[in-house]
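Heads up, the thing below is written out as structure tokens.
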Amino acid sequence: MRLRHLLLAVGLAAVWGFNFVVMEVGLRHFPPLLYAGLRFTLAAFPALLFVGRPAVGWKWIAGVAASVGVGQFGLLLVGMRAGMPPGLSSLVLQTQALFVVVFAAVLLGERPGTRRITGLAVAFAGLAIVAYDFGSGGPVGAFLLCVGAAAAWGLGTVIQRKAAPPDSLRFMVWVSALSAPPLLLLSLAVEGVPHLTFAWEGIGSLVYVAFVSTLGGFGVWGWLLRRYDASTVAPYTLLIPVFGLSSAALVTGESISWLKLVAGVLIVSGALYAGTRPRAARRRAAPLPEPVTTARR
């Protein structure tokens, strides 16, 4: 990967990691389901008027909207509102790799090899440490909601893999359009009619999560995936909890205990080990070069 593209990938991880602190700020001004609904409303409109029709079937868009838009972000924001710290949330969400393997095996018939099972066992050990550390003093329900959000993200990843959208930005705009209505209806049913007061802090939070994190982030993500294979780009997402924990510590004063550090190392290294293939396997999978022919003079 070229240096400027590498910096772009690291910058994207920083944007998505800092996103958890921004969401924590937004939850001070909006109920969680309403906040999620407004996020996807802003991400969809007016972008929907310019991206054109979706390039994949509606069932795939609806599946990702239900799992990622409503499931992942709905559960995540409710969990954060219930007491899950932003930095720790960014770490727990990385366990979506565990659920990707489970759902891929059940829905796609993929068989995880020994390397992947080993890596996921290491990541699960890190999750168990997080559960022990947070469960001793924090609300267990909030932690379980965050784990549920990771599971929903894993399911959405498998659905998106099956859909294979050629344009990730256009796909995300349509996913946002289908995510907003059910979230807003759920907000009305569960949270009631909101009593909101105008605050620049809350508006700025919505602008960041809708345009910078969602549209800008997935636009950059798709741009990188069009130039490099997924195995080259995907490991950079493991930097998200690094930026999430550090920004939460700097901005909100969230403490980073040694147990969190150990858990973070286990989750990130386990997911990285499970998600990459050995060099020899990559060489075997690489296509053979085209034979070079020279014309006789």
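So you can find residues: chains in the structure tokens are A, B, ... in the order shown, residues in each start at 1, and ligands are numbered from 1 in order.
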
Residues of range 79-166 of chain A that have any atom at most 12 Å from an atom of range 34-54 of chain A: could you tabulate them with the shortest-distance atom pair and the distance in Å to one decimal, using only C-alpha atoms, ordered by chain and increasing number, as a Markdown table?
```
| residue | atom | partner | partner_atom | distance |
| --- | --- | --- | --- | --- |
| A:Arg81 | CA | A:Tyr35 | CA | 11.0 |
| A:Ala163 | CA | A:Pro54 | CA | 11.5 |
| A:Pro165 | CA | A:Pro54 | CA | 8.7 |
| A:Pro166 | CA | A:Pro54 | CA | 9.7 |
```

I need the residues from that last selection saved to file as a CSV table (one decimal), in the first residue's frame (with all heavy atoms), if you can.
```csv
chain,number,residue,atom,x,y,z
A,81,ARG,N,-26.1,4.6,26.3
A,81,ARG,CA,-26.9,5.4,27.1
A,81,ARG,C,-27.1,4.7,28.5
A,81,ARG,O,-27.3,5.4,29.5
A,81,ARG,CB,-28.3,5.6,26.4
A,81,ARG,CG,-29.2,6.5,27.2
A,81,ARG,CD,-28.7,8.0,27.2
A,81,ARG,NE,-29.7,8.9,27.7
A,81,ARG,CZ,-30.4,9.7,27.0
A,81,ARG,NH1,-30.4,9.6,25.6
A,81,ARG,NH2,-31.3,10.5,27.5
A,163,ALA,N,-24.0,-9.8,-0.8
A,163,ALA,CA,-24.5,-8.9,-1.8
A,163,ALA,C,-23.4,-8.4,-2.7
A,163,ALA,O,-23.7,-8.1,-3.9
A,163,ALA,CB,-25.2,-7.7,-1.0
A,165,PRO,N,-21.8,-5.3,-3.1
A,165,PRO,CA,-22.1,-4.1,-3.8
A,165,PRO,C,-20.9,-3.5,-4.5
A,165,PRO,O,-19.9,-3.4,-3.9
A,165,PRO,CB,-22.7,-3.2,-2.7
A,165,PRO,CG,-22.0,-3.7,-1.4
A,165,PRO,CD,-21.9,-5.1,-1.6
A,166,PRO,N,-21.1,-3.1,-5.8
A,166,PRO,CA,-19.9,-2.5,-6.5
A,166,PRO,C,-19.6,-1.1,-6.0
A,166,PRO,O,-18.4,-0.7,-6.3
A,166,PRO,CB,-20.4,-2.5,-7.9
A,166,PRO,CG,-21.9,-2.5,-7.8
A,166,PRO,CD,-22.3,-3.2,-6.6
```

DSSP alpha helix (DSSP H) residues within range 30-187 of chain A, as a CSV table (one decimal) with N, CA, C and O atoms, in the first residue's frame:
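Ended up saving to states_39.csv:
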```csv
chain,number,residue,atom,x,y,z
A,32,PRO,N,-31.4,7.6,22.5
A,32,PRO,CA,-30.5,6.8,21.6
A,32,PRO,C,-31.2,6.4,20.3
A,32,PRO,O,-30.5,6.5,19.2
A,33,LEU,N,-32.4,5.9,20.3
A,33,LEU,CA,-33.0,5.5,19.0
A,33,LEU,C,-33.3,6.7,18.1
A,33,LEU,O,-33.2,6.6,16.9
A,34,LEU,N,-33.7,7.8,18.7
A,34,LEU,CA,-34.0,9.0,17.9
A,34,LEU,C,-32.6,9.5,17.3
A,34,LEU,O,-32.6,9.9,16.1
A,35,TYR,N,-31.6,9.4,18.1
A,35,TYR,CA,-30.3,9.9,17.6
A,35,TYR,C,-29.8,9.0,16.4
A,35,TYR,O,-29.3,9.5,15.4
A,36,ALA,N,-30.0,7.7,16.5
A,36,ALA,CA,-29.7,6.8,15.4
A,36,ALA,C,-30.5,7.1,14.2
A,36,ALA,O,-30.0,7.1,13.0
A,37,GLY,N,-31.8,7.3,14.4
A,37,GLY,CA,-32.7,7.6,13.3
A,37,GLY,C,-32.3,8.9,12.6
A,37,GLY,O,-32.3,9.0,11.3
A,38,LEU,N,-32.0,9.9,13.3
A,38,LEU,CA,-31.6,11.2,12.7
A,38,LEU,C,-30.3,11.1,12.0
A,38,LEU,O,-30.0,11.7,10.9
A,39,ARG,N,-29.4,10.2,12.5
A,39,ARG,CA,-28.1,10.0,11.9
A,39,ARG,C,-28.3,9.5,10.5
A,39,ARG,O,-27.7,10.0,9.5
A,40,PHE,N,-29.1,8.4,10.3
A,40,PHE,CA,-29.3,7.8,9.0
A,40,PHE,C,-30.2,8.7,8.1
A,40,PHE,O,-30.1,8.6,6.9
A,41,THR,N,-31.1,9.5,8.7
A,41,THR,CA,-31.8,10.4,7.9
A,41,THR,C,-30.9,11.4,7.2
A,41,THR,O,-31.0,11.7,6.0
A,42,LEU,N,-30.0,12.0,8.0
A,42,LEU,CA,-29.1,13.0,7.4
A,42,LEU,C,-28.1,12.3,6.4
A,42,LEU,O,-27.7,12.9,5.4
A,43,ALA,N,-27.7,11.1,6.7
A,43,ALA,CA,-26.8,10.4,5.8
A,43,ALA,C,-27.5,10.0,4.4
A,43,ALA,O,-26.8,9.9,3.4
A,44,ALA,N,-28.8,9.8,4.5
A,44,ALA,CA,-29.6,9.5,3.3
A,44,ALA,C,-30.0,10.7,2.4
A,44,ALA,O,-30.0,10.6,1.2
A,48,LEU,N,-29.4,10.8,-1.4
A,48,LEU,CA,-30.2,9.9,-2.1
A,48,LEU,C,-30.6,10.4,-3.5
A,48,LEU,O,-30.8,9.7,-4.4
A,49,LEU,N,-30.6,11.7,-3.6
A,49,LEU,CA,-31.0,12.4,-4.9
A,49,LEU,C,-29.9,12.3,-5.9
A,49,LEU,O,-30.2,12.6,-7.1
A,50,PHE,N,-28.7,12.0,-5.5
A,50,PHE,CA,-27.6,12.1,-6.4
A,50,PHE,C,-26.9,10.8,-6.7
A,50,PHE,O,-26.1,10.7,-7.7
A,51,VAL,N,-27.1,9.8,-5.9
A,51,VAL,CA,-26.3,8.6,-6.1
A,51,VAL,C,-26.9,7.6,-7.1
A,51,VAL,O,-26.3,6.7,-7.6
A,58,TRP,N,-33.0,-5.3,-3.5
A,58,TRP,CA,-33.5,-4.6,-2.3
A,58,TRP,C,-33.4,-5.5,-1.1
A,58,TRP,O,-33.3,-5.0,0.1
A,59,LYS,N,-33.5,-6.8,-1.2
A,59,LYS,CA,-33.4,-7.7,-0.1
A,59,LYS,C,-32.1,-7.6,0.7
A,59,LYS,O,-32.0,-7.7,1.9
A,60,TRP,N,-31.0,-7.3,-0.1
A,60,TRP,CA,-29.7,-7.1,0.5
A,60,TRP,C,-29.6,-5.8,1.3
A,60,TRP,O,-29.1,-5.7,2.4
A,61,ILE,N,-30.2,-4.8,0.7
A,61,ILE,CA,-30.2,-3.5,1.3
A,61,ILE,C,-31.0,-3.5,2.6
A,61,ILE,O,-30.6,-3.0,3.7
A,62,ALA,N,-32.2,-4.2,2.5
A,62,ALA,CA,-33.0,-4.3,3.7
A,62,ALA,C,-32.4,-5.1,4.8
A,62,ALA,O,-32.5,-4.8,6.0
A,63,GLY,N,-31.7,-6.2,4.4
A,63,GLY,CA,-31.0,-7.0,5.3
A,63,GLY,C,-29.9,-6.3,6.1
A,63,GLY,O,-29.8,-6.4,7.3
A,64,VAL,N,-29.1,-5.5,5.4
A,64,VAL,CA,-28.0,-4.7,6.1
A,64,VAL,C,-28.6,-3.6,6.9
A,64,VAL,O,-28.2,-3.3,8.0
A,73,PHE,N,-26.5,-0.2,15.4
A,73,PHE,CA,-26.4,1.1,16.0
A,73,PHE,C,-27.5,1.3,17.0
A,73,PHE,O,-27.4,2.1,18.0
A,74,GLY,N,-28.7,0.7,16.9
A,74,GLY,CA,-29.7,0.8,17.9
A,74,GLY,C,-29.3,0.2,19.2
A,74,GLY,O,-29.4,0.9,20.2
A,75,LEU,N,-28.8,-1.0,19.2
A,75,LEU,CA,-28.3,-1.7,20.4
A,75,LEU,C,-27.1,-0.9,21.0
A,75,LEU,O,-27.0,-0.8,22.2
A,76,LEU,N,-26.2,-0.5,20.1
A,76,LEU,CA,-25.0,0.2,20.6
A,76,LEU,C,-25.3,1.4,21.4
A,76,LEU,O,-24.8,1.7,22.5
A,77,LEU,N,-26.2,2.3,20.8
A,77,LEU,CA,-26.5,3.6,21.4
A,77,LEU,C,-27.3,3.4,22.6
A,77,LEU,O,-27.1,4.1,23.6
A,78,VAL,N,-28.2,2.4,22.6
A,78,VAL,CA,-29.0,2.1,23.9
A,78,VAL,C,-28.0,1.6,25.0
A,78,VAL,O,-28.2,2.0,26.1
A,79,GLY,N,-27.1,0.8,24.6
A,79,GLY,CA,-26.1,0.3,25.5
A,79,GLY,C,-25.2,1.4,26.1
A,79,GLY,O,-24.9,1.4,27.3
A,80,MET,N,-24.8,2.3,25.2
A,80,MET,CA,-24.0,3.4,25.7
A,80,MET,C,-24.8,4.4,26.6
A,80,MET,O,-24.3,4.9,27.6
A,81,ARG,N,-26.1,4.6,26.3
A,81,ARG,CA,-26.9,5.4,27.1
A,81,ARG,C,-27.1,4.7,28.5
A,81,ARG,O,-27.3,5.4,29.5
A,86,PRO,N,-17.6,4.9,26.0
A,86,PRO,CA,-17.3,4.9,24.6
A,86,PRO,C,-16.1,4.1,24.2
A,86,PRO,O,-16.1,3.4,23.2
A,87,GLY,N,-15.0,4.3,25.0
A,87,GLY,CA,-13.8,3.6,24.6
A,87,GLY,C,-13.9,2.1,24.7
A,87,GLY,O,-13.5,1.3,23.8
A,88,LEU,N,-14.6,1.6,25.8
A,88,LEU,CA,-14.8,0.2,25.9
A,88,LEU,C,-15.8,-0.4,24.9
A,88,LEU,O,-15.6,-1.5,24.4
A,89,SER,N,-16.7,0.5,24.5
A,89,SER,CA,-17.7,0.1,23.4
A,89,SER,C,-16.9,-0.2,22.1
A,89,SER,O,-17.2,-1.1,21.4
A,90,SER,N,-16.0,0.7,21.8
A,90,SER,CA,-15.2,0.5,20.5
A,90,SER,C,-14.4,-0.8,20.6
A,90,SER,O,-14.2,-1.4,19.5
A,91,LEU,N,-14.0,-1.2,21.8
A,91,LEU,CA,-13.2,-2.4,21.9
A,91,LEU,C,-14.1,-3.7,21.8
A,91,LEU,O,-13.8,-4.6,21.0
A,92,VAL,N,-15.2,-3.6,22.5
A,92,VAL,CA,-16.1,-4.8,22.4
A,92,VAL,C,-16.7,-5.0,21.0
A,92,VAL,O,-16.9,-6.2,20.6
A,96,GLN,N,-17.1,-8.5,16.7
A,96,GLN,CA,-17.9,-8.8,15.5
A,96,GLN,C,-17.3,-9.9,14.7
A,96,GLN,O,-17.9,-10.7,14.0
A,97,ALA,N,-15.9,-10.0,14.7
A,97,ALA,CA,-15.2,-11.0,14.0
A,97,ALA,C,-15.6,-12.4,14.4
A,97,ALA,O,-15.7,-13.3,13.6
A,98,LEU,N,-15.9,-12.6,15.7
A,98,LEU,CA,-16.4,-13.9,16.2
A,98,LEU,C,-17.7,-14.2,15.5
A,98,LEU,O,-17.9,-15.4,15.1
A,99,PHE,N,-18.6,-13.3,15.4
A,99,PHE,CA,-19.9,-13.5,14.9
A,99,PHE,C,-19.9,-13.7,13.4
A,99,PHE,O,-20.7,-14.4,12.8
A,100,VAL,N,-19.0,-13.0,12.7
A,100,VAL,CA,-18.8,-13.1,11.3
A,100,VAL,C,-18.5,-14.6,10.9
A,100,VAL,O,-19.2,-15.2,10.0
A,101,VAL,N,-17.6,-15.2,11.7
A,101,VAL,CA,-17.3,-16.6,11.4
A,101,VAL,C,-18.5,-17.5,11.7
A,101,VAL,O,-18.8,-18.4,10.9
A,102,VAL,N,-19.2,-17.3,12.8
A,102,VAL,CA,-20.4,-18.1,13.1
A,102,VAL,C,-21.5,-18.0,12.0
A,102,VAL,O,-22.0,-19.0,11.5
A,103,PHE,N,-21.8,-16.7,11.7
A,103,PHE,CA,-22.9,-16.5,10.7
A,103,PHE,C,-22.4,-17.0,9.3
A,103,PHE,O,-23.2,-17.5,8.5
A,104,ALA,N,-21.1,-16.8,9.0
A,104,ALA,CA,-20.6,-17.3,7.7
A,104,ALA,C,-20.7,-18.8,7.6
A,104,ALA,O,-21.0,-19.4,6.5
A,105,ALA,N,-20.4,-19.5,8.7
A,105,ALA,CA,-20.5,-21.0,8.7
A,105,ALA,C,-22.0,-21.4,8.6
A,105,ALA,O,-22.3,-22.4,7.8
A,106,VAL,N,-22.9,-20.7,9.3
A,106,VAL,CA,-24.3,-21.2,9.2
A,106,VAL,C,-25.0,-20.8,7.9
A,106,VAL,O,-25.7,-21.6,7.3
A,107,LEU,N,-24.8,-19.5,7.5
A,107,LEU,CA,-25.5,-19.0,6.3
A,107,LEU,C,-24.8,-19.3,5.0
A,107,LEU,O,-25.5,-19.4,4.0
A,114,THR,N,-8.2,-24.2,11.4
A,114,THR,CA,-7.6,-24.2,12.7
A,114,THR,C,-7.1,-22.8,13.1
A,114,THR,O,-7.2,-22.4,14.2
A,115,ARG,N,-6.5,-22.1,12.1
A,115,ARG,CA,-5.9,-20.8,12.4
A,115,ARG,C,-7.0,-19.8,12.8
A,115,ARG,O,-6.9,-19.1,13.8
A,116,ARG,N,-8.2,-19.8,12.1
A,116,ARG,CA,-9.2,-18.9,12.4
A,116,ARG,C,-9.9,-19.3,13.8
A,116,ARG,O,-10.2,-18.4,14.6
A,117,ILE,N,-10.0,-20.5,14.1
A,117,ILE,CA,-10.6,-20.9,15.4
A,117,ILE,C,-9.7,-20.5,16.5
A,117,ILE,O,-10.1,-20.0,17.5
A,118,THR,N,-8.4,-20.7,16.3
A,118,THR,CA,-7.4,-20.3,17.3
A,118,THR,C,-7.4,-18.8,17.6
A,118,THR,O,-7.5,-18.3,18.7
A,119,GLY,N,-7.5,-18.0,16.5
A,119,GLY,CA,-7.5,-16.6,16.6
A,119,GLY,C,-8.8,-16.1,17.3
A,119,GLY,O,-8.8,-15.2,18.2
A,120,LEU,N,-9.9,-16.7,17.0
A,120,LEU,CA,-11.2,-16.3,17.6
A,120,LEU,C,-11.2,-16.7,19.1
A,120,LEU,O,-11.9,-16.1,19.9
A,121,ALA,N,-10.6,-17.9,19.4
A,121,ALA,CA,-10.5,-18.3,20.8
A,121,ALA,C,-9.7,-17.2,21.6
A,121,ALA,O,-10.1,-16.9,22.8
A,122,VAL,N,-8.7,-16.7,21.1
A,122,VAL,CA,-7.9,-15.7,21.7
A,122,VAL,C,-8.7,-14.4,21.9
A,122,VAL,O,-8.7,-13.8,23.0
A,123,ALA,N,-9.4,-14.0,20.8
A,123,ALA,CA,-10.3,-12.8,20.9
A,123,ALA,C,-11.4,-13.0,21.9
A,123,ALA,O,-11.8,-12.1,22.7
A,124,PHE,N,-12.0,-14.2,22.0
A,124,PHE,CA,-13.0,-14.5,23.0
A,124,PHE,C,-12.5,-14.4,24.4
A,124,PHE,O,-13.2,-14.0,25.3
A,125,ALA,N,-11.2,-14.8,24.6
A,125,ALA,CA,-10.6,-14.7,25.9
A,125,ALA,C,-10.6,-13.2,26.3
A,125,ALA,O,-10.8,-12.9,27.5
A,126,GLY,N,-10.2,-12.4,25.3
A,126,GLY,CA,-10.2,-10.9,25.6
A,126,GLY,C,-11.6,-10.4,26.0
A,126,GLY,O,-11.7,-9.6,26.9
A,127,LEU,N,-12.6,-10.9,25.3
A,127,LEU,CA,-14.0,-10.5,25.6
A,127,LEU,C,-14.4,-10.9,27.0
A,127,LEU,O,-15.1,-10.2,27.7
A,128,ALA,N,-13.9,-12.1,27.4
A,128,ALA,CA,-14.3,-12.6,28.7
A,128,ALA,C,-13.6,-11.7,29.8
A,128,ALA,O,-14.2,-11.5,30.9
A,129,ILE,N,-12.4,-11.2,29.5
A,129,ILE,CA,-11.7,-10.3,30.5
A,129,ILE,C,-12.5,-9.0,30.6
A,129,ILE,O,-12.7,-8.5,31.7
A,130,VAL,N,-13.0,-8.5,29.4
A,130,VAL,CA,-13.8,-7.3,29.5
A,130,VAL,C,-15.0,-7.5,30.3
A,130,VAL,O,-15.4,-6.6,31.1
A,131,ALA,N,-15.7,-8.6,30.1
A,131,ALA,CA,-16.9,-8.9,30.8
A,131,ALA,C,-16.6,-9.0,32.3
A,131,ALA,O,-17.4,-8.5,33.1
A,132,TYR,N,-15.5,-9.6,32.7
A,132,TYR,CA,-15.2,-9.7,34.1
A,132,TYR,C,-14.9,-8.3,34.7
A,132,TYR,O,-15.3,-8.0,35.8
A,133,ASP,N,-14.1,-7.6,34.0
A,133,ASP,CA,-13.6,-6.3,34.5
A,133,ASP,C,-14.8,-5.3,34.6
A,133,ASP,O,-15.0,-4.6,35.6
A,134,PHE,N,-15.7,-5.2,33.5
A,134,PHE,CA,-16.8,-4.3,33.5
A,134,PHE,C,-17.9,-4.8,34.4
A,134,PHE,O,-18.6,-4.0,35.0
A,135,GLY,N,-18.1,-6.1,34.4
A,135,GLY,CA,-19.3,-6.7,35.1
A,135,GLY,C,-19.1,-6.5,36.6
A,135,GLY,O,-20.1,-6.5,37.4
A,140,VAL,N,-24.4,-4.8,33.7
A,140,VAL,CA,-24.2,-6.0,32.8
A,140,VAL,C,-25.1,-5.9,31.6
A,140,VAL,O,-24.7,-6.2,30.5
A,141,GLY,N,-26.3,-5.3,31.8
A,141,GLY,CA,-27.2,-5.2,30.6
A,141,GLY,C,-26.6,-4.3,29.5
A,141,GLY,O,-26.8,-4.6,28.3
A,142,ALA,N,-25.9,-3.2,29.9
A,142,ALA,CA,-25.3,-2.3,28.9
A,142,ALA,C,-24.2,-3.1,28.1
A,142,ALA,O,-24.1,-2.9,26.9
A,143,PHE,N,-23.4,-3.9,28.8
A,143,PHE,CA,-22.4,-4.7,28.2
A,143,PHE,C,-23.0,-5.7,27.2
A,143,PHE,O,-22.5,-5.9,26.1
A,144,LEU,N,-24.1,-6.4,27.6
A,144,LEU,CA,-24.7,-7.4,26.7
A,144,LEU,C,-25.4,-6.7,25.5
A,144,LEU,O,-25.4,-7.3,24.4
A,145,LEU,N,-25.9,-5.5,25.7
A,145,LEU,CA,-26.4,-4.7,24.5
A,145,LEU,C,-25.3,-4.5,23.5
A,145,LEU,O,-25.5,-4.5,22.3
A,146,CYS,N,-24.1,-4.1,24.0
A,146,CYS,CA,-22.9,-3.9,23.1
A,146,CYS,C,-22.5,-5.2,22.4
A,146,CYS,O,-22.1,-5.1,21.2
A,147,VAL,N,-22.5,-6.3,23.1
A,147,VAL,CA,-22.2,-7.6,22.5
A,147,VAL,C,-23.2,-7.9,21.4
A,147,VAL,O,-22.9,-8.4,20.3
A,148,GLY,N,-24.5,-7.6,21.7
A,148,GLY,CA,-25.6,-7.8,20.7
A,148,GLY,C,-25.3,-6.9,19.5
A,148,GLY,O,-25.6,-7.3,18.4
A,149,ALA,N,-24.8,-5.7,19.7
A,149,ALA,CA,-24.5,-4.8,18.6
A,149,ALA,C,-23.4,-5.4,17.7
A,149,ALA,O,-23.4,-5.3,16.5
A,150,ALA,N,-22.4,-6.0,18.4
A,150,ALA,CA,-21.3,-6.7,17.6
A,150,ALA,C,-21.9,-7.9,16.8
A,150,ALA,O,-21.4,-8.1,15.7
A,151,ALA,N,-22.8,-8.6,17.4
A,151,ALA,CA,-23.4,-9.7,16.7
A,151,ALA,C,-24.2,-9.2,15.5
A,151,ALA,O,-24.1,-9.8,14.4
A,152,ALA,N,-24.9,-8.1,15.7
A,152,ALA,CA,-25.7,-7.6,14.5
A,152,ALA,C,-24.8,-7.1,13.4
A,152,ALA,O,-25.0,-7.3,12.2
A,153,TRP,N,-23.6,-6.5,13.8
A,153,TRP,CA,-22.6,-6.1,12.8
A,153,TRP,C,-22.1,-7.3,12.1
A,153,TRP,O,-21.9,-7.2,10.9
A,154,GLY,N,-21.8,-8.3,12.8
A,154,GLY,CA,-21.3,-9.5,12.2
A,154,GLY,C,-22.2,-10.1,11.1
A,154,GLY,O,-21.9,-10.5,10.0
A,155,LEU,N,-23.5,-10.1,11.5
A,155,LEU,CA,-24.6,-10.6,10.6
A,155,LEU,C,-24.6,-9.7,9.4
A,155,LEU,O,-24.7,-10.1,8.2
A,156,GLY,N,-24.6,-8.4,9.6
A,156,GLY,CA,-24.6,-7.4,8.5
A,156,GLY,C,-23.4,-7.6,7.6
A,156,GLY,O,-23.5,-7.4,6.3
A,157,THR,N,-22.3,-7.9,8.1
A,157,THR,CA,-21.1,-8.1,7.3
A,157,THR,C,-21.2,-9.3,6.4
A,157,THR,O,-20.8,-9.2,5.2
A,158,VAL,N,-21.8,-10.3,6.9
A,158,VAL,CA,-22.0,-11.5,6.1
A,158,VAL,C,-23.0,-11.2,5.0
A,158,VAL,O,-22.8,-11.6,3.8
A,159,ILE,N,-24.1,-10.5,5.3
A,159,ILE,CA,-25.1,-10.2,4.3
A,159,ILE,C,-24.5,-9.3,3.2
A,159,ILE,O,-24.7,-9.5,2.0
A,160,GLN,N,-23.6,-8.3,3.6
A,160,GLN,CA,-23.0,-7.4,2.7
A,160,GLN,C,-22.0,-8.2,1.8
A,160,GLN,O,-21.9,-7.9,0.6
A,161,ARG,N,-21.3,-9.1,2.4
A,161,ARG,CA,-20.4,-9.9,1.6
A,161,ARG,C,-21.1,-10.7,0.5
A,161,ARG,O,-20.6,-10.8,-0.6
A,162,LYS,N,-22.3,-11.2,0.9
A,162,LYS,CA,-23.1,-12.0,-0.1
A,162,LYS,C,-23.6,-11.0,-1.2
A,162,LYS,O,-23.7,-11.4,-2.3
A,163,ALA,N,-24.0,-9.8,-0.8
A,163,ALA,CA,-24.5,-8.9,-1.8
A,163,ALA,C,-23.4,-8.4,-2.7
A,163,ALA,O,-23.7,-8.1,-3.9
A,168,SER,N,-19.7,1.0,-2.5
A,168,SER,CA,-20.1,1.0,-1.1
A,168,SER,C,-20.7,2.3,-0.6
A,168,SER,O,-21.6,2.2,0.3
A,169,LEU,N,-20.4,3.4,-1.2
A,169,LEU,CA,-21.0,4.7,-0.8
A,169,LEU,C,-22.5,4.7,-1.2
A,169,LEU,O,-23.3,5.0,-0.4
A,170,ARG,N,-22.8,4.4,-2.4
A,170,ARG,CA,-24.2,4.3,-2.9
A,170,ARG,C,-25.0,3.3,-2.0
A,170,ARG,O,-26.1,3.6,-1.6
A,171,PHE,N,-24.3,2.2,-1.8
A,171,PHE,CA,-25.0,1.1,-1.0
A,171,PHE,C,-25.3,1.7,0.4
A,171,PHE,O,-26.4,1.4,1.0
A,172,MET,N,-24.3,2.4,1.0
A,172,MET,CA,-24.6,2.9,2.4
A,172,MET,C,-25.6,4.0,2.4
A,172,MET,O,-26.4,4.1,3.4
A,173,VAL,N,-25.7,4.8,1.4
A,173,VAL,CA,-26.8,5.8,1.3
A,173,VAL,C,-28.2,5.1,1.3
A,173,VAL,O,-29.1,5.5,2.1
A,174,TRP,N,-28.3,4.0,0.5
A,174,TRP,CA,-29.6,3.4,0.5
A,174,TRP,C,-29.9,2.6,1.8
A,174,TRP,O,-31.0,2.5,2.2
A,175,VAL,N,-28.8,2.0,2.4
A,175,VAL,CA,-29.0,1.4,3.7
A,175,VAL,C,-29.5,2.4,4.7
A,175,VAL,O,-30.3,2.1,5.5
A,176,SER,N,-28.9,3.6,4.7
A,176,SER,CA,-29.3,4.6,5.6
A,176,SER,C,-30.8,5.0,5.4
A,176,SER,O,-31.5,5.2,6.4
A,177,ALA,N,-31.2,5.1,4.1
A,177,ALA,CA,-32.6,5.4,3.8
A,177,ALA,C,-33.5,4.4,4.4
A,177,ALA,O,-34.6,4.8,4.8
A,178,LEU,N,-33.2,3.2,4.3
A,178,LEU,CA,-34.1,2.1,4.8
A,178,LEU,C,-33.9,1.9,6.3
A,178,LEU,O,-34.8,1.3,7.0
A,179,SER,N,-32.8,2.4,6.9
A,179,SER,CA,-32.6,2.3,8.4
A,179,SER,C,-33.4,3.4,9.2
A,179,SER,O,-33.9,3.1,10.3
A,180,ALA,N,-33.5,4.6,8.6
A,180,ALA,CA,-34.1,5.7,9.3
A,180,ALA,C,-35.5,5.5,9.7
A,180,ALA,O,-35.9,5.7,10.9
A,181,PRO,N,-36.4,5.1,8.8
A,181,PRO,CA,-37.8,5.0,9.2
A,181,PRO,C,-38.1,4.1,10.4
A,181,PRO,O,-38.8,4.5,11.3
A,182,PRO,N,-37.6,2.8,10.4
A,182,PRO,CA,-37.9,1.9,11.6
A,182,PRO,C,-37.3,2.5,12.9
A,182,PRO,O,-37.9,2.3,13.9
A,183,LEU,N,-36.1,3.1,12.8
A,183,LEU,CA,-35.5,3.7,14.0
A,183,LEU,C,-36.4,4.8,14.5
A,183,LEU,O,-36.6,4.9,15.7
A,184,LEU,N,-36.9,5.7,13.7
A,184,LEU,CA,-37.7,6.8,14.1
A,184,LEU,C,-39.0,6.3,14.7
A,184,LEU,O,-39.5,6.8,15.7
A,185,LEU,N,-39.6,5.3,14.1
A,185,LEU,CA,-40.8,4.7,14.6
A,185,LEU,C,-40.6,4.0,15.9
A,185,LEU,O,-41.4,4.1,16.9
A,186,LEU,N,-39.5,3.3,16.1
A,186,LEU,CA,-39.1,2.7,17.3
A,186,LEU,C,-38.9,3.7,18.4
A,186,LEU,O,-39.3,3.5,19.6
A,187,SER,N,-38.3,4.8,18.0
A,187,SER,CA,-38.1,5.9,19.0
A,187,SER,C,-39.4,6.5,19.5
A,187,SER,O,-39.6,6.7,20.7
```

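Omitting Leu245 in chain A and its sequence neighbours fewer than 2 positions away, and counting only C-alpha atoms, the residues within 10 Å are Gly17, Phe18, Phe20, Val21, Pro85, Pro86, Gly87, Leu88, Ser89, Ser90, Leu91, Ile240, Pro241, Val242, Phe243, Ser247, Ala248, Ala249, Leu250, Glu254, Ser255, Ile256, Lys260, Leu261 and Gly264 of chain A.
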
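Nearest residue to Thr252 in chain A among A:Phe198, A:Leu108, A:Ala13, A:Val22 is A:Val22, counting only C-alpha atoms.
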
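Across the model, the gap from CA of Val207 in chain A to CA of Pro194 in chain A is 19.3 Å.
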
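The spacing separating CA of Leu266 in chain A from CA of Thr95 in chain A amounts to 10.6 Å.
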
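Among the candidate residues A:Ser246, A:Ser257, A:Gln72, A:Ser205, the one lying nearest to Glu24 in chain A is A:Ser205, with distances computed using only C-alpha atoms.
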
Find the distance between CA of Gly26 in chain A and CA of Val68 in chain A and write it in Å to one decimal.
19.1 Å

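If only C-alpha atoms are the atoms counted, then among A:Gly113, A:Gly83, A:Pro139, A:Gly222 the closest residue to Leu27 in chain A is A:Gly83.
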
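Restricting the calculation to only C-alpha atoms, the smallest distance between Val15 in chain A and any of A:Val268, A:Leu225, A:Met84, A:Leu215 is found for A:Leu215.
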